[in-house]
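Novice: The following file, structure.cif, comprises mmCIF, N, CA and C atoms:
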data_upload
#
loop_
_atom_site.group_PDB
_atom_site.id
_atom_site.type_symbol
_atom_site.label_atom_id
_atom_site.label_comp_id
_atom_site.auth_asym_id
_atom_site.auth_seq_id
_atom_site.Cartn_x
_atom_site.Cartn_y
_atom_site.Cartn_z
ATOM 1 N N MET A 1 -9.446 17.706 -20.081
ATOM 2 C CA MET A 1 -9.863 16.610 -20.928
ATOM 3 C C MET A 1 -8.967 15.370 -20.773
ATOM 4 N N PRO A 2 -7.625 15.523 -20.734
ATOM 5 C CA PRO A 2 -6.796 14.323 -20.558
ATOM 6 C C PRO A 2 -7.097 13.592 -19.253
ATOM 7 N N ARG A 3 -7.421 14.346 -18.199
ATOM 8 C CA ARG A 3 -7.741 13.722 -16.910
ATOM 9 C C ARG A 3 -8.983 12.844 -17.037
ATOM 10 N N ILE A 4 -9.980 13.295 -17.788
ATOM 11 C CA ILE A 4 -11.206 12.517 -17.976
ATOM 12 C C ILE A 4 -10.907 11.226 -18.732
ATOM 13 N N LEU A 5 -10.156 11.322 -19.811
ATOM 14 C CA LEU A 5 -9.832 10.131 -20.597
ATOM 15 C C LEU A 5 -9.002 9.141 -19.794
ATOM 16 N N CYS A 6 -8.038 9.644 -19.050
ATOM 17 C CA CYS A 6 -7.213 8.762 -18.227
ATOM 18 C C CYS A 6 -8.017 8.147 -17.088
ATOM 19 N N SER A 7 -8.982 8.884 -16.567
ATOM 20 C CA SER A 7 -9.808 8.344 -15.488
ATOM 21 C C SER A 7 -10.656 7.176 -15.969
ATOM 22 N N VAL A 8 -11.217 7.300 -17.155
ATOM 23 C CA VAL A 8 -12.017 6.201 -17.707
ATOM 24 C C VAL A 8 -11.135 4.975 -17.906
ATOM 25 N N ALA A 9 -9.982 5.166 -18.526
ATOM 26 C CA ALA A 9 -9.069 4.049 -18.755
ATOM 27 C C ALA A 9 -8.559 3.479 -17.431
ATOM 28 N N GLY A 10 -8.296 4.340 -16.474
ATOM 29 C CA GLY A 10 -7.830 3.876 -15.173
ATOM 30 C C GLY A 10 -8.860 3.031 -14.455
ATOM 31 N N HIS A 11 -10.111 3.454 -14.495
ATOM 32 C CA HIS A 11 -11.159 2.668 -13.844
ATOM 33 C C HIS A 11 -11.316 1.305 -14.505
ATOM 34 N N MET A 12 -11.112 1.231 -15.802
ATOM 35 C CA MET A 12 -11.139 -0.078 -16.465
ATOM 36 C C MET A 12 -9.994 -0.950 -15.954
ATOM 37 N N ALA A 13 -8.821 -0.365 -15.775
ATOM 38 C CA ALA A 13 -7.668 -1.123 -15.281
ATOM 39 C C ALA A 13 -7.890 -1.593 -13.848
ATOM 40 N N TYR A 14 -8.376 -0.705 -12.980
ATOM 41 C CA TYR A 14 -8.573 -1.084 -11.575
ATOM 42 C C TYR A 14 -9.629 -2.178 -11.439
ATOM 43 N N SER A 15 -10.725 -2.041 -12.172
ATOM 44 C CA SER A 15 -11.784 -3.049 -12.058
ATOM 45 C C SER A 15 -11.362 -4.363 -12.705
ATOM 46 N N GLY A 16 -10.628 -4.306 -13.802
ATOM 47 C CA GLY A 16 -10.127 -5.537 -14.421
ATOM 48 C C GLY A 16 -9.143 -6.256 -13.521
ATOM 49 N N TYR A 17 -8.286 -5.494 -12.867
ATOM 50 C CA TYR A 17 -7.308 -6.067 -11.947
ATOM 51 C C TYR A 17 -8.014 -6.718 -10.756
ATOM 52 N N PHE A 18 -9.018 -6.044 -10.208
ATOM 53 C CA PHE A 18 -9.782 -6.636 -9.106
ATOM 54 C C PHE A 18 -10.562 -7.855 -9.595
ATOM 55 N N GLY A 19 -11.053 -7.818 -10.818
ATOM 56 C CA GLY A 19 -11.755 -8.970 -11.392
ATOM 57 C C GLY A 19 -10.884 -10.213 -11.439
ATOM 58 N N TYR A 20 -9.603 -10.034 -11.698
ATOM 59 C CA TYR A 20 -8.675 -11.169 -11.668
ATOM 60 C C TYR A 20 -8.701 -11.829 -10.294
ATOM 61 N N PHE A 21 -8.677 -11.029 -9.245
ATOM 62 C CA PHE A 21 -8.681 -11.576 -7.890
ATOM 63 C C PHE A 21 -10.016 -12.238 -7.552
ATOM 64 N N ILE A 22 -11.100 -11.735 -8.101
ATOM 65 C CA ILE A 22 -12.394 -12.393 -7.903
ATOM 66 C C ILE A 22 -12.357 -13.784 -8.526
ATOM 67 N N GLY A 23 -11.858 -13.870 -9.753
ATOM 68 C CA GLY A 23 -11.736 -15.174 -10.408
ATOM 69 C C GLY A 23 -10.789 -16.099 -9.672
ATOM 70 N N LEU A 24 -9.681 -15.569 -9.198
ATOM 71 C CA LEU A 24 -8.715 -16.374 -8.458
ATOM 72 C C LEU A 24 -9.319 -16.898 -7.163
ATOM 73 N N SER A 25 -10.160 -16.101 -6.523
ATOM 74 C CA SER A 25 -10.790 -16.548 -5.275
ATOM 75 C C SER A 25 -11.770 -17.693 -5.524
ATOM 76 N N ILE A 26 -12.338 -17.743 -6.713
ATOM 77 C CA ILE A 26 -13.229 -18.855 -7.054
ATOM 78 C C ILE A 26 -12.419 -20.128 -7.281
ATOM 79 N N LEU A 27 -11.239 -19.985 -7.883
ATOM 80 C CA LEU A 27 -10.387 -21.148 -8.124
ATOM 81 C C LEU A 27 -9.743 -21.675 -6.843
ATOM 82 N N LYS A 28 -9.595 -20.818 -5.840
ATOM 83 C CA LYS A 28 -8.955 -21.210 -4.575
ATOM 84 C C LYS A 28 -9.867 -20.850 -3.403
ATOM 85 N N PRO A 29 -10.953 -21.606 -3.219
ATOM 86 C CA PRO A 29 -11.937 -21.238 -2.194
ATOM 87 C C PRO A 29 -11.393 -21.255 -0.765
ATOM 88 N N SER A 30 -10.361 -22.033 -0.497
ATOM 89 C CA SER A 30 -9.830 -22.058 0.871
ATOM 90 C C SER A 30 -9.145 -20.742 1.246
ATOM 91 N N LYS A 31 -8.724 -19.967 0.244
ATOM 92 C CA LYS A 31 -8.057 -18.688 0.495
ATOM 93 C C LYS A 31 -8.887 -17.512 -0.008
ATOM 94 N N ARG A 32 -10.176 -17.746 -0.194
ATOM 95 C CA ARG A 32 -11.052 -16.763 -0.836
ATOM 96 C C ARG A 32 -10.956 -15.373 -0.228
ATOM 97 N N TRP A 33 -11.110 -15.270 1.084
ATOM 98 C CA TRP A 33 -11.201 -13.947 1.704
ATOM 99 C C TRP A 33 -9.873 -13.205 1.693
ATOM 100 N N SER A 34 -8.788 -13.919 1.863
ATOM 101 C CA SER A 34 -7.492 -13.234 1.806
ATOM 102 C C SER A 34 -7.174 -12.785 0.381
ATOM 103 N N ILE A 35 -7.528 -13.583 -0.606
ATOM 104 C CA ILE A 35 -7.316 -13.198 -2.003
ATOM 105 C C ILE A 35 -8.156 -11.974 -2.349
ATOM 106 N N LEU A 36 -9.414 -11.983 -1.935
ATOM 107 C CA LEU A 36 -10.277 -10.827 -2.211
ATOM 108 C C LEU A 36 -9.770 -9.568 -1.509
ATOM 109 N N ALA A 37 -9.282 -9.722 -0.282
ATOM 110 C CA ALA A 37 -8.756 -8.562 0.446
ATOM 111 C C ALA A 37 -7.520 -7.993 -0.247
ATOM 112 N N ILE A 38 -6.620 -8.868 -0.672
ATOM 113 C CA ILE A 38 -5.419 -8.414 -1.380
ATOM 114 C C ILE A 38 -5.799 -7.714 -2.679
ATOM 115 N N GLY A 39 -6.731 -8.299 -3.423
ATOM 116 C CA GLY A 39 -7.161 -7.691 -4.678
ATOM 117 C C GLY A 39 -7.818 -6.344 -4.478
ATOM 118 N N TYR A 40 -8.690 -6.270 -3.496
ATOM 119 C CA TYR A 40 -9.384 -5.003 -3.244
ATOM 120 C C TYR A 40 -8.412 -3.923 -2.783
ATOM 121 N N LEU A 41 -7.575 -4.269 -1.824
ATOM 122 C CA LEU A 41 -6.650 -3.274 -1.276
ATOM 123 C C LEU A 41 -5.618 -2.817 -2.309
ATOM 124 N N SER A 42 -5.142 -3.736 -3.137
ATOM 125 C CA SER A 42 -4.150 -3.325 -4.137
ATOM 126 C C SER A 42 -4.778 -2.482 -5.239
ATOM 127 N N SER A 43 -5.958 -2.853 -5.707
ATOM 128 C CA SER A 43 -6.602 -2.035 -6.746
ATOM 129 C C SER A 43 -7.064 -0.692 -6.172
ATOM 130 N N ALA A 44 -7.570 -0.693 -4.959
ATOM 131 C CA ALA A 44 -7.958 0.575 -4.326
ATOM 132 C C ALA A 44 -6.735 1.437 -4.037
ATOM 133 N N GLY A 45 -5.628 0.801 -3.693
ATOM 134 C CA GLY A 45 -4.397 1.548 -3.458
ATOM 135 C C GLY A 45 -3.885 2.225 -4.718
ATOM 136 N N LEU A 46 -3.913 1.504 -5.841
ATOM 137 C CA LEU A 46 -3.515 2.115 -7.114
ATOM 138 C C LEU A 46 -4.427 3.290 -7.452
ATOM 139 N N HIS A 47 -5.709 3.101 -7.221
ATOM 140 C CA HIS A 47 -6.673 4.175 -7.485
ATOM 141 C C HIS A 47 -6.399 5.378 -6.584
ATOM 142 N N ALA A 48 -6.102 5.124 -5.329
ATOM 143 C CA ALA A 48 -5.818 6.220 -4.392
ATOM 144 C C ALA A 48 -4.549 6.970 -4.788
ATOM 145 N N PHE A 49 -3.516 6.234 -5.206
ATOM 146 C CA PHE A 49 -2.294 6.901 -5.673
ATOM 147 C C PHE A 49 -2.577 7.767 -6.886
ATOM 148 N N TRP A 50 -3.405 7.252 -7.790
ATOM 149 C CA TRP A 50 -3.775 8.036 -8.974
ATOM 150 C C TRP A 50 -4.480 9.325 -8.557
ATOM 151 N N ASN A 51 -5.466 9.198 -7.684
ATOM 152 C CA ASN A 51 -6.213 10.380 -7.239
ATOM 153 C C ASN A 51 -5.319 11.382 -6.510
ATOM 154 N N ALA A 52 -4.367 10.883 -5.745
ATOM 155 C CA ALA A 52 -3.506 11.771 -4.969
ATOM 156 C C ALA A 52 -2.498 12.520 -5.836
ATOM 157 N N THR A 53 -2.101 11.927 -6.945
ATOM 158 C CA THR A 53 -1.041 12.536 -7.746
ATOM 159 C C THR A 53 -1.515 13.176 -9.038
ATOM 160 N N ALA A 54 -2.651 12.788 -9.532
ATOM 161 C CA ALA A 54 -3.063 13.204 -10.874
ATOM 162 C C ALA A 54 -3.228 14.710 -11.010
ATOM 163 N N SER A 55 -3.704 15.361 -9.977
ATOM 164 C CA SER A 55 -3.930 16.798 -10.101
ATOM 165 C C SER A 55 -2.694 17.629 -9.758
ATOM 166 N N SER A 56 -1.703 17.034 -9.095
ATOM 167 C CA SER A 56 -0.554 17.824 -8.666
ATOM 168 C C SER A 56 0.731 17.532 -9.438
ATOM 169 N N ASN A 57 0.936 16.299 -9.842
ATOM 170 C CA ASN A 57 2.193 15.931 -10.485
ATOM 171 C C ASN A 57 1.899 15.060 -11.699
ATOM 172 N N PHE A 58 1.945 15.650 -12.872
ATOM 173 C CA PHE A 58 1.572 14.952 -14.103
ATOM 174 C C PHE A 58 2.488 13.764 -14.385
ATOM 175 N N VAL A 59 3.783 13.918 -14.179
ATOM 176 C CA VAL A 59 4.734 12.839 -14.459
ATOM 177 C C VAL A 59 4.480 11.652 -13.536
ATOM 178 N N LEU A 60 4.271 11.912 -12.263
ATOM 179 C CA LEU A 60 3.990 10.835 -11.317
ATOM 180 C C LEU A 60 2.660 10.160 -11.646
ATOM 181 N N ALA A 61 1.682 10.931 -12.098
ATOM 182 C CA ALA A 61 0.401 10.350 -12.497
ATOM 183 C C ALA A 61 0.582 9.403 -13.677
ATOM 184 N N ILE A 62 1.417 9.771 -14.627
ATOM 185 C CA ILE A 62 1.691 8.894 -15.768
ATOM 186 C C ILE A 62 2.366 7.611 -15.296
ATOM 187 N N VAL A 63 3.299 7.722 -14.368
ATOM 188 C CA VAL A 63 3.973 6.539 -13.823
ATOM 189 C C VAL A 63 2.962 5.627 -13.137
ATOM 190 N N ILE A 64 2.070 6.194 -12.339
ATOM 191 C CA ILE A 64 1.030 5.400 -11.667
ATOM 192 C C ILE A 64 0.132 4.733 -12.708
ATOM 193 N N GLY A 65 -0.225 5.449 -13.761
ATOM 194 C CA GLY A 65 -1.042 4.870 -14.826
ATOM 195 C C GLY A 65 -0.353 3.706 -15.509
ATOM 196 N N ILE A 66 0.923 3.845 -15.790
ATOM 197 C CA ILE A 66 1.682 2.758 -16.424
ATOM 198 C C ILE A 66 1.769 1.556 -15.494
ATOM 199 N N ILE A 67 2.013 1.799 -14.225
ATOM 200 C CA ILE A 67 2.065 0.704 -13.250
ATOM 201 C C ILE A 67 0.713 0.001 -13.172
ATOM 202 N N SER A 68 -0.377 0.761 -13.189
ATOM 203 C CA SER A 68 -1.717 0.166 -13.129
ATOM 204 C C SER A 68 -1.955 -0.755 -14.317
ATOM 205 N N TYR A 69 -1.574 -0.319 -15.501
ATOM 206 C CA TYR A 69 -1.763 -1.162 -16.683
ATOM 207 C C TYR A 69 -0.791 -2.329 -16.715
ATOM 208 N N ALA A 70 0.388 -2.179 -16.137
ATOM 209 C CA ALA A 70 1.312 -3.307 -16.032
ATOM 210 C C ALA A 70 0.731 -4.379 -15.110
ATOM 211 N N PHE A 71 0.128 -3.954 -13.997
ATOM 212 C CA PHE A 71 -0.529 -4.902 -13.095
ATOM 213 C C PHE A 71 -1.679 -5.604 -13.809
ATOM 214 N N LEU A 72 -2.470 -4.850 -14.565
ATOM 215 C CA LEU A 72 -3.586 -5.448 -15.302
ATOM 216 C C LEU A 72 -3.073 -6.447 -16.332
ATOM 217 N N ALA A 73 -2.043 -6.092 -17.081
ATOM 218 C CA ALA A 73 -1.494 -7.003 -18.089
ATOM 219 C C ALA A 73 -0.965 -8.277 -17.436
ATOM 220 N N ALA A 74 -0.279 -8.138 -16.311
ATOM 221 C CA ALA A 74 0.224 -9.308 -15.596
ATOM 222 C C ALA A 74 -0.923 -10.190 -15.119
ATOM 223 N N ALA A 75 -1.993 -9.579 -14.637
ATOM 224 C CA ALA A 75 -3.156 -10.346 -14.173
ATOM 225 C C ALA A 75 -3.817 -11.085 -15.332
ATOM 226 N N ILE A 76 -3.931 -10.433 -16.483
ATOM 227 C CA ILE A 76 -4.539 -11.083 -17.649
ATOM 228 C C ILE A 76 -3.697 -12.275 -18.091
ATOM 229 N N LEU A 77 -2.394 -12.091 -18.175
ATOM 230 C CA LEU A 77 -1.520 -13.188 -18.595
ATOM 231 C C LEU A 77 -1.554 -14.343 -17.604
ATOM 232 N N LYS A 78 -1.556 -14.035 -16.317
ATOM 233 C CA LYS A 78 -1.619 -15.086 -15.302
ATOM 234 C C LYS A 78 -2.974 -15.791 -15.332
ATOM 235 N N ALA A 79 -4.040 -15.042 -15.538
ATOM 236 C CA ALA A 79 -5.376 -15.644 -15.605
ATOM 237 C C ALA A 79 -5.479 -16.600 -16.787
ATOM 238 N N ARG A 80 -4.865 -16.253 -17.896
ATOM 239 C CA ARG A 80 -4.877 -17.148 -19.056
ATOM 240 C C ARG A 80 -4.167 -18.449 -18.742
ATOM 241 N N GLN A 81 -3.093 -18.399 -17.953
ATOM 242 C CA GLN A 81 -2.378 -19.616 -17.574
ATOM 243 C C GLN A 81 -3.192 -20.477 -16.618
ATOM 244 N N LEU A 82 -3.919 -19.834 -15.709
ATOM 245 C CA LEU A 82 -4.656 -20.557 -14.673
ATOM 246 C C LEU A 82 -6.015 -21.066 -15.127
ATOM 247 N N SER A 83 -6.528 -20.540 -16.215
ATOM 248 C CA SER A 83 -7.894 -20.848 -16.631
ATOM 249 C C SER A 83 -8.076 -22.333 -16.932
ATOM 250 N N PRO A 84 -9.079 -22.961 -16.293
ATOM 251 C CA PRO A 84 -9.349 -24.369 -16.593
ATOM 252 C C PRO A 84 -9.914 -24.559 -17.999
ATOM 253 N N LEU A 85 -10.398 -23.503 -18.600
ATOM 254 C CA LEU A 85 -10.965 -23.576 -19.952
ATOM 255 C C LEU A 85 -10.036 -22.943 -20.986
ATOM 256 N N ARG A 86 -8.768 -22.854 -20.668
ATOM 257 C CA ARG A 86 -7.816 -22.153 -21.525
ATOM 258 C C ARG A 86 -7.812 -22.679 -22.955
ATOM 259 N N LEU A 87 -7.892 -23.976 -23.136
ATOM 260 C CA LEU A 87 -7.833 -24.544 -24.482
ATOM 261 C C LEU A 87 -9.038 -24.170 -25.323
ATOM 262 N N HIS A 88 -10.144 -23.801 -24.683
ATOM 263 C CA HIS A 88 -11.363 -23.435 -25.406
ATOM 264 C C HIS A 88 -11.517 -21.925 -25.557
ATOM 265 N N ASN A 89 -10.566 -21.187 -25.045
ATOM 266 C CA ASN A 89 -10.615 -19.731 -25.088
ATOM 267 C C ASN A 89 -10.272 -19.244 -26.492
ATOM 268 N N PHE A 90 -11.113 -18.380 -27.037
ATOM 269 C CA PHE A 90 -10.890 -17.865 -28.393
ATOM 270 C C PHE A 90 -9.521 -17.215 -28.534
ATOM 271 N N ALA A 91 -9.143 -16.386 -27.574
ATOM 272 C CA ALA A 91 -7.868 -15.675 -27.666
ATOM 273 C C ALA A 91 -6.695 -16.647 -27.645
ATOM 274 N N THR A 92 -6.780 -17.697 -26.835
ATOM 275 C CA THR A 92 -5.714 -18.684 -26.778
ATOM 276 C C THR A 92 -5.577 -19.395 -28.112
ATOM 277 N N GLN A 93 -6.698 -19.772 -28.712
ATOM 278 C CA GLN A 93 -6.652 -20.448 -30.010
ATOM 279 C C GLN A 93 -6.091 -19.524 -31.078
ATOM 280 N N PHE A 94 -6.438 -18.262 -31.003
ATOM 281 C CA PHE A 94 -6.004 -17.305 -32.011
ATOM 282 C C PHE A 94 -4.511 -17.010 -31.904
ATOM 283 N N PHE A 95 -4.003 -16.822 -30.685
ATOM 284 C CA PHE A 95 -2.616 -16.407 -30.506
ATOM 285 C C PHE A 95 -1.627 -17.555 -30.446
ATOM 286 N N ASN A 96 -2.065 -18.787 -30.322
ATOM 287 C CA ASN A 96 -1.141 -19.915 -30.271
ATOM 288 C C ASN A 96 -0.828 -20.490 -31.643
ATOM 289 N N ARG A 97 -1.342 -19.907 -32.679
ATOM 290 C CA ARG A 97 -1.088 -20.431 -34.030
ATOM 291 C C ARG A 97 0.246 -20.016 -34.540
#
What does the file become when written as structure tokens?
Specialist:
Amino acid sequence: MPRILCSVAGHMAYSGYFGYFIGLSILKPSKRWSILAIGYLSSAGLHAFWNATASSNFVLAIVIGIISYAFLAAAILKARQLSPLRLHNFATQFFNR
């Protein structure tokens, strides 16, 4: 059961992290393909590490999970800084008070 719950949360982290790179590629069209490649390979790499360790080493799987969410959190924070609509973002208005 814990593996199922962690897998759902992990897939949200990997797809959210890759989504950051999709958005970044739109903001920087001259580097679109390299940004998308980096995003895909890094999110797929985190997913592969999770799959390789989750069934054999529980502690290492937890470390990979924490790293995945740290990458996602960093991407969210960076995306908020880069957003051209940041001032109109509900979360920005709510947390800047």
Novice: Considering only C-alpha atoms, return as a list of chain:residue names whatever protein or nucleic-acid residues lie within 10 Å of Ile64 (chain A), sequence-local ones (same chain, fewer than 5 positions apart) excluded.
Specialist: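 Listing them by chain and then by number gives A:Gly10, A:Leu46, A:His47, A:Phe49, A:Trp50, A:Asn51, A:Thr53, A:Ala54, A:Phe58, A:Val59, A:Tyr69, A:Ala70.
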Novice: In Å, how far is it from CA of Ser15 (chain A) to atom N of Gly39 (chain A)?
Specialist: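 Answer for the CA of Ser15 (chain A) to atom N of Gly39 (chain A) separation: 11.3 Å.
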Novice: Could you state the separation of atom N of Ala75 (chain A) and atom N of Ile22 (chain A) in Å, given to one decimal place?
Specialist: 11.4 Å
Novice: So, with only C-alpha atoms as the atoms that count, which of A:Ser30, A:His11, A:Ile66, A:Ser56 lies closest to Ser43 (chain A)?
Specialist: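 Among the listed residues, A:His11 lies closest to Ser43 (chain A).
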Novice: In Å to one decimal, how far is CA of Ala13 (chain A) from CA of Ile26 (chain A)?
Specialist: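 For CA of Ile26 (chain A) relative to CA of Ala13 (chain A), the distance reads 20.3 Å.
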